[in-house]
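Structure file coords-v2.cif with mmCIF, C-alpha atoms:
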data_my_file
loop_
_atom_site.label_atom_id
_atom_site.label_comp_id
_atom_site.auth_asym_id
_atom_site.auth_seq_id
_atom_site.Cartn_x
_atom_site.Cartn_y
_atom_site.Cartn_z
CA MET K 1 73.07 114.77 -72.90
CA ASN K 2 75.68 112.33 -74.25
CA LYS K 3 77.99 115.18 -75.21
CA LYS K 4 77.82 116.63 -71.69
CA LEU K 5 78.64 113.27 -70.15
CA SER K 6 81.55 112.79 -72.55
CA VAL K 7 82.99 116.21 -71.72
CA LEU K 8 82.52 115.57 -68.00
CA PHE K 9 84.21 112.17 -68.29
CA LEU K 10 87.16 113.67 -70.19
CA ARG K 11 87.59 116.43 -67.62
CA LEU K 12 87.47 114.00 -64.71
CA SER K 13 89.93 111.68 -66.48
CA PHE K 14 92.31 114.59 -67.05
CA ILE K 15 92.10 115.65 -63.39
CA VAL K 16 92.74 112.10 -62.18
CA LEU K 17 95.70 111.76 -64.54
CA LEU K 18 97.10 115.11 -63.41
CA LEU K 19 96.75 114.30 -59.70
CA SER K 20 98.24 110.82 -60.00
CA GLY K 21 101.69 112.43 -60.30
CA CYS K 22 101.30 113.75 -56.75
CA MET K 23 100.85 110.22 -55.46
CA TYR K 24 104.30 109.08 -56.60
CA PRO K 25 105.99 107.26 -53.68
CA GLU K 26 108.51 109.36 -51.73
CA ASP K 27 111.19 106.65 -51.77
CA LYS K 28 111.10 106.47 -55.58
CA LYS K 29 111.78 110.16 -56.14
CA VAL K 30 115.16 111.14 -57.60
CA GLN K 31 116.18 113.29 -54.66
CA ASN K 32 115.82 110.28 -52.32
CA HIS K 33 118.35 108.18 -54.22
CA THR K 34 121.73 108.81 -52.65
CA PRO K 35 124.52 106.73 -54.15
CA TYR K 36 124.94 103.45 -52.26
CA VAL K 37 128.61 104.12 -51.43
CA ASP K 38 127.70 107.41 -49.76
CA GLN K 39 125.06 105.69 -47.63
CA VAL K 40 127.52 103.03 -46.47
CA GLN K 41 130.09 105.68 -45.55
CA THR K 42 127.50 107.74 -43.65
CA VAL K 43 126.29 104.73 -41.66
CA GLN K 44 129.86 103.58 -40.96
CA ALA K 45 130.82 107.04 -39.67
CA ALA K 46 127.76 107.10 -37.40
CA ILE K 47 128.56 103.62 -36.06
CA ASN K 48 132.20 104.56 -35.44
CA GLN K 49 131.17 107.68 -33.52
CA PHE K 50 128.56 105.73 -31.51
CA GLN K 51 131.17 103.09 -30.65
CA LYS K 52 133.67 105.76 -29.60
CA ASP K 53 131.11 107.53 -27.39
CA ASN K 54 129.88 104.28 -25.77
CA ASN K 55 133.12 102.55 -24.74
CA GLY K 56 133.28 100.17 -27.69
CA ILE K 57 129.63 99.06 -27.69
CA LEU K 58 128.14 98.67 -31.16
CA PRO K 59 124.56 99.72 -32.05
CA ILE K 60 123.35 96.24 -33.03
CA LYS K 61 120.21 94.28 -32.28
CA ASN K 62 120.52 91.07 -30.28
CA SER K 63 119.72 87.82 -32.04
CA VAL K 64 119.53 84.14 -31.19
CA GLU K 65 122.50 81.80 -31.50
CA THR K 66 121.07 79.95 -34.53
CA THR K 67 120.76 83.09 -36.66
CA PRO K 68 122.96 82.94 -39.80
CA ILE K 69 126.11 85.07 -39.47
CA TYR K 70 125.12 87.55 -42.20
CA GLN K 71 121.76 88.19 -40.54
CA LYS K 72 122.99 88.09 -36.96
CA TYR K 73 124.44 91.59 -36.54
CA VAL K 74 121.71 93.96 -37.69
CA ILE K 75 122.25 97.66 -37.03
CA ASP K 76 119.78 99.16 -34.58
CA PHE K 77 119.10 102.50 -36.27
CA LYS K 78 116.95 103.62 -33.33
CA ARG K 79 120.16 103.95 -31.32
CA ILE K 80 122.02 106.13 -33.85
CA VAL K 81 119.18 108.22 -35.32
CA PRO K 82 118.92 111.27 -34.86
CA GLU K 83 121.97 111.77 -32.63
CA TYR K 84 124.59 110.34 -35.01
CA MET K 85 122.81 110.62 -38.37
CA ALA K 86 119.74 112.51 -39.53
CA GLN K 87 117.78 109.50 -40.79
CA PRO K 88 118.43 105.90 -41.77
CA PRO K 89 119.19 105.22 -45.44
CA SER K 90 116.17 104.60 -47.63
CA ASN K 91 117.33 101.03 -48.34
CA ALA K 92 117.79 100.11 -44.66
CA PHE K 93 115.55 97.39 -43.32
#
Show the structure stored in the file as structure tokens.
Amino acid sequence: MNKKLSVLFLRLSFIVLLLSGCMYPEDKKVQNHTPYVDQVQTVQAAINQFQKDNNGILPIKNSVETTPIYQKYVIDFKRIVPEYMAQPPSNAF
């Protein structure tokens, strides 16, 4: 009886270990890591095209007056995806 339980435990452990590779997060996979410079250039091109098509309006979210300058002008990706770029970069917030 102990030998059967040991074999069963080893088999289940092996299956769990094997399947845990399938649960690796999508954003951590190698194919989802585009170089940072390429992402910046892609977003900048999409913003430039959006601005050109919308009479100089930028795709940014509105913020309050007291917001720090570096946090004030956040890109609104909902306005440029999917028309100007396929999807937002993986490191976009």
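What separates CA of Ala86 in chain K from CA of Val43 in chain K is a distance of 10.4 Å.
Closest approach to Ile75 in chain K among K:Gln49, K:Asn54, K:Asn62, K:Gln87: K:Asn62, based on all atoms listed in the file.
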- CA of Tyr70 in chain K to CA of Ile47 in chain K, straight-line distance in Å: 17.5 Å
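Using only C-alpha atoms, the shortest contact distance between Ala46 in chain K and any of K:Asn91, K:Ile80, K:Thr66, K:Leu8 is found at K:Ile80.
When CA of Val64 in chain K is paired with CA of Phe77 in chain K, their separation reads 19.1 Å.
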- Spatial neighbours of Pro89 in chain K, 9 Å, all atoms listed in the file, chain gap at least 6 places, as an NGL selection string: :K and (34 or 39-40 or 42-43)
Centre, edges in Å (one decimal): axis-aligned box, range 63-80 of chain K, 8 Å padding on all six sides, as JSON:
{"center_x": 121.5, "center_y": 93.0, "center_z": -36.7, "size_x": 25.2, "size_y": 42.2, "size_z": 27.0}
- Item | Chain and number of each residue from the PyMOL selection byres ((chain K and resi 61) around 6), as a PyMOL selection string | chain K and resi 60+62+74+76
Any chance you could model N, CA and C atoms for range 32-61 of chain K and send them as a PDB file, in the frame of the given file?
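Generated output (result.pdb):
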ATOM      1  N   ASN K  32     115.656 111.233 -53.404  1.00  0.00           N
ATOM      2  CA  ASN K  32     115.820 110.280 -52.320  1.00  0.00           C
ATOM      3  C   ASN K  32     116.779 109.147 -52.671  1.00  0.00           C
ATOM      4  N   HIS K  33     117.417 109.216 -53.814  1.00  0.00           N
ATOM      5  CA  HIS K  33     118.350 108.180 -54.220  1.00  0.00           C
ATOM      6  C   HIS K  33     119.786 108.668 -54.081  1.00  0.00           C
ATOM      7  N   THR K  34     120.332 108.500 -52.889  1.00  0.00           N
ATOM      8  CA  THR K  34     121.730 108.810 -52.650  1.00  0.00           C
ATOM      9  C   THR K  34     122.548 107.628 -53.133  1.00  0.00           C
ATOM     10  N   PRO K  35     123.697 107.867 -53.723  1.00  0.00           N
ATOM     11  CA  PRO K  35     124.520 106.730 -54.150  1.00  0.00           C
ATOM     12  C   PRO K  35     124.792 105.774 -52.983  1.00  0.00           C
ATOM     13  N   TYR K  36     124.787 104.501 -53.264  1.00  0.00           N
ATOM     14  CA  TYR K  36     124.940 103.450 -52.260  1.00  0.00           C
ATOM     15  C   TYR K  36     126.226 103.615 -51.458  1.00  0.00           C
ATOM     16  N   VAL K  37     127.325 103.966 -52.107  1.00  0.00           N
ATOM     17  CA  VAL K  37     128.610 104.120 -51.430  1.00  0.00           C
ATOM     18  C   VAL K  37     128.525 105.226 -50.380  1.00  0.00           C
ATOM     19  N   ASP K  38     127.855 106.317 -50.709  1.00  0.00           N
ATOM     20  CA  ASP K  38     127.700 107.410 -49.760  1.00  0.00           C
ATOM     21  C   ASP K  38     126.894 106.976 -48.536  1.00  0.00           C
ATOM     22  N   GLN K  39     125.870 106.162 -48.746  1.00  0.00           N
ATOM     23  CA  GLN K  39     125.060 105.690 -47.630  1.00  0.00           C
ATOM     24  C   GLN K  39     125.881 104.801 -46.705  1.00  0.00           C
ATOM     25  N   VAL K  40     126.682 103.922 -47.273  1.00  0.00           N
ATOM     26  CA  VAL K  40     127.520 103.030 -46.470  1.00  0.00           C
ATOM     27  C   VAL K  40     128.511 103.858 -45.646  1.00  0.00           C
ATOM     28  N   GLN K  41     129.125 104.845 -46.257  1.00  0.00           N
ATOM     29  CA  GLN K  41     130.090 105.680 -45.550  1.00  0.00           C
ATOM     30  C   GLN K  41     129.425 106.486 -44.436  1.00  0.00           C
ATOM     31  N   THR K  42     128.225 106.975 -44.667  1.00  0.00           N
ATOM     32  CA  THR K  42     127.500 107.740 -43.650  1.00  0.00           C
ATOM     33  C   THR K  42     127.148 106.859 -42.457  1.00  0.00           C
ATOM     34  N   VAL K  43     126.642 105.652 -42.733  1.00  0.00           N
ATOM     35  CA  VAL K  43     126.290 104.730 -41.660  1.00  0.00           C
ATOM     36  C   VAL K  43     127.541 104.301 -40.904  1.00  0.00           C
ATOM     37  N   GLN K  44     128.625 104.002 -41.612  1.00  0.00           N
ATOM     38  CA  GLN K  44     129.860 103.580 -40.960  1.00  0.00           C
ATOM     39  C   GLN K  44     130.404 104.684 -40.048  1.00  0.00           C
ATOM     40  N   ALA K  45     130.347 105.924 -40.500  1.00  0.00           N
ATOM     41  CA  ALA K  45     130.820 107.040 -39.670  1.00  0.00           C
ATOM     42  C   ALA K  45     129.956 107.183 -38.418  1.00  0.00           C
ATOM     43  N   ALA K  46     128.656 107.012 -38.553  1.00  0.00           N
ATOM     44  CA  ALA K  46     127.760 107.100 -37.400  1.00  0.00           C
ATOM     45  C   ALA K  46     128.035 105.971 -36.413  1.00  0.00           C
ATOM     46  N   ILE K  47     128.261 104.771 -36.923  1.00  0.00           N
ATOM     47  CA  ILE K  47     128.560 103.620 -36.060  1.00  0.00           C
ATOM     48  C   ILE K  47     129.894 103.835 -35.338  1.00  0.00           C
ATOM     49  N   ASN K  48     130.899 104.309 -36.060  1.00  0.00           N
ATOM     50  CA  ASN K  48     132.200 104.560 -35.440  1.00  0.00           C
ATOM     51  C   ASN K  48     132.093 105.583 -34.310  1.00  0.00           C
ATOM     52  N   GLN K  49     131.338 106.649 -34.542  1.00  0.00           N
ATOM     53  CA  GLN K  49     131.170 107.680 -33.520  1.00  0.00           C
ATOM     54  C   GLN K  49     130.393 107.130 -32.329  1.00  0.00           C
ATOM     55  N   PHE K  50     129.339 106.353 -32.585  1.00  0.00           N
ATOM     56  CA  PHE K  50     128.560 105.730 -31.510  1.00  0.00           C
ATOM     57  C   PHE K  50     129.457 104.831 -30.676  1.00  0.00           C
ATOM     58  N   GLN K  51     130.267 104.015 -31.348  1.00  0.00           N
ATOM     59  CA  GLN K  51     131.170 103.090 -30.650  1.00  0.00           C
ATOM     60  C   GLN K  51     132.182 103.856 -29.798  1.00  0.00           C
ATOM     61  N   LYS K  52     132.699 104.935 -30.333  1.00  0.00           N
ATOM     62  CA  LYS K  52     133.670 105.760 -29.600  1.00  0.00           C
ATOM     63  C   LYS K  52     133.030 106.388 -28.362  1.00  0.00           C
ATOM     64  N   ASP K  53     131.800 106.873 -28.494  1.00  0.00           N
ATOM     65  CA  ASP K  53     131.110 107.530 -27.390  1.00  0.00           C
ATOM     66  C   ASP K  53     130.587 106.551 -26.339  1.00  0.00           C
ATOM     67  N   ASN K  54     130.484 105.272 -26.676  1.00  0.00           N
ATOM     68  CA  ASN K  54     129.880 104.280 -25.770  1.00  0.00           C
ATOM     69  C   ASN K  54     130.844 103.165 -25.381  1.00  0.00           C
ATOM     70  N   ASN K  55     132.104 103.494 -25.228  1.00  0.00           N
ATOM     71  CA  ASN K  55     133.120 102.550 -24.740  1.00  0.00           C
ATOM     72  C   ASN K  55     133.172 101.248 -25.529  1.00  0.00           C
ATOM     73  N   GLY K  56     133.116 101.343 -26.834  1.00  0.00           N
ATOM     74  CA  GLY K  56     133.280 100.170 -27.690  1.00  0.00           C
ATOM     75  C   GLY K  56     132.028  99.380 -27.980  1.00  0.00           C
ATOM     76  N   ILE K  57     130.891  99.777 -27.443  1.00  0.00           N
ATOM     77  CA  ILE K  57     129.630  99.060 -27.690  1.00  0.00           C
ATOM     78  C   ILE K  57     129.122  99.438 -29.074  1.00  0.00           C
ATOM     79  N   LEU K  58     128.680  98.433 -29.821  1.00  0.00           N
ATOM     80  CA  LEU K  58     128.140  98.670 -31.160  1.00  0.00           C
ATOM     81  C   LEU K  58     126.620  98.787 -31.120  1.00  0.00           C
ATOM     82  N   PRO K  59     126.024  99.579 -32.014  1.00  0.00           N
ATOM     83  CA  PRO K  59     124.560  99.720 -32.050  1.00  0.00           C
ATOM     84  C   PRO K  59     123.913  98.598 -32.869  1.00  0.00           C
ATOM     85  N   ILE K  60     123.937  97.382 -32.314  1.00  0.00           N
ATOM     86  CA  ILE K  60     123.350  96.240 -33.030  1.00  0.00           C
ATOM     87  C   ILE K  60     122.217  95.644 -32.214  1.00  0.00           C
ATOM     88  N   LYS K  61     121.318  94.968 -32.927  1.00  0.00           N
ATOM     89  CA  LYS K  61     120.210  94.280 -32.280  1.00  0.00           C
ATOM     90  C   LYS K  61     120.680  92.893 -31.860  1.00  0.00           C
TER      91      LYS K  61
END
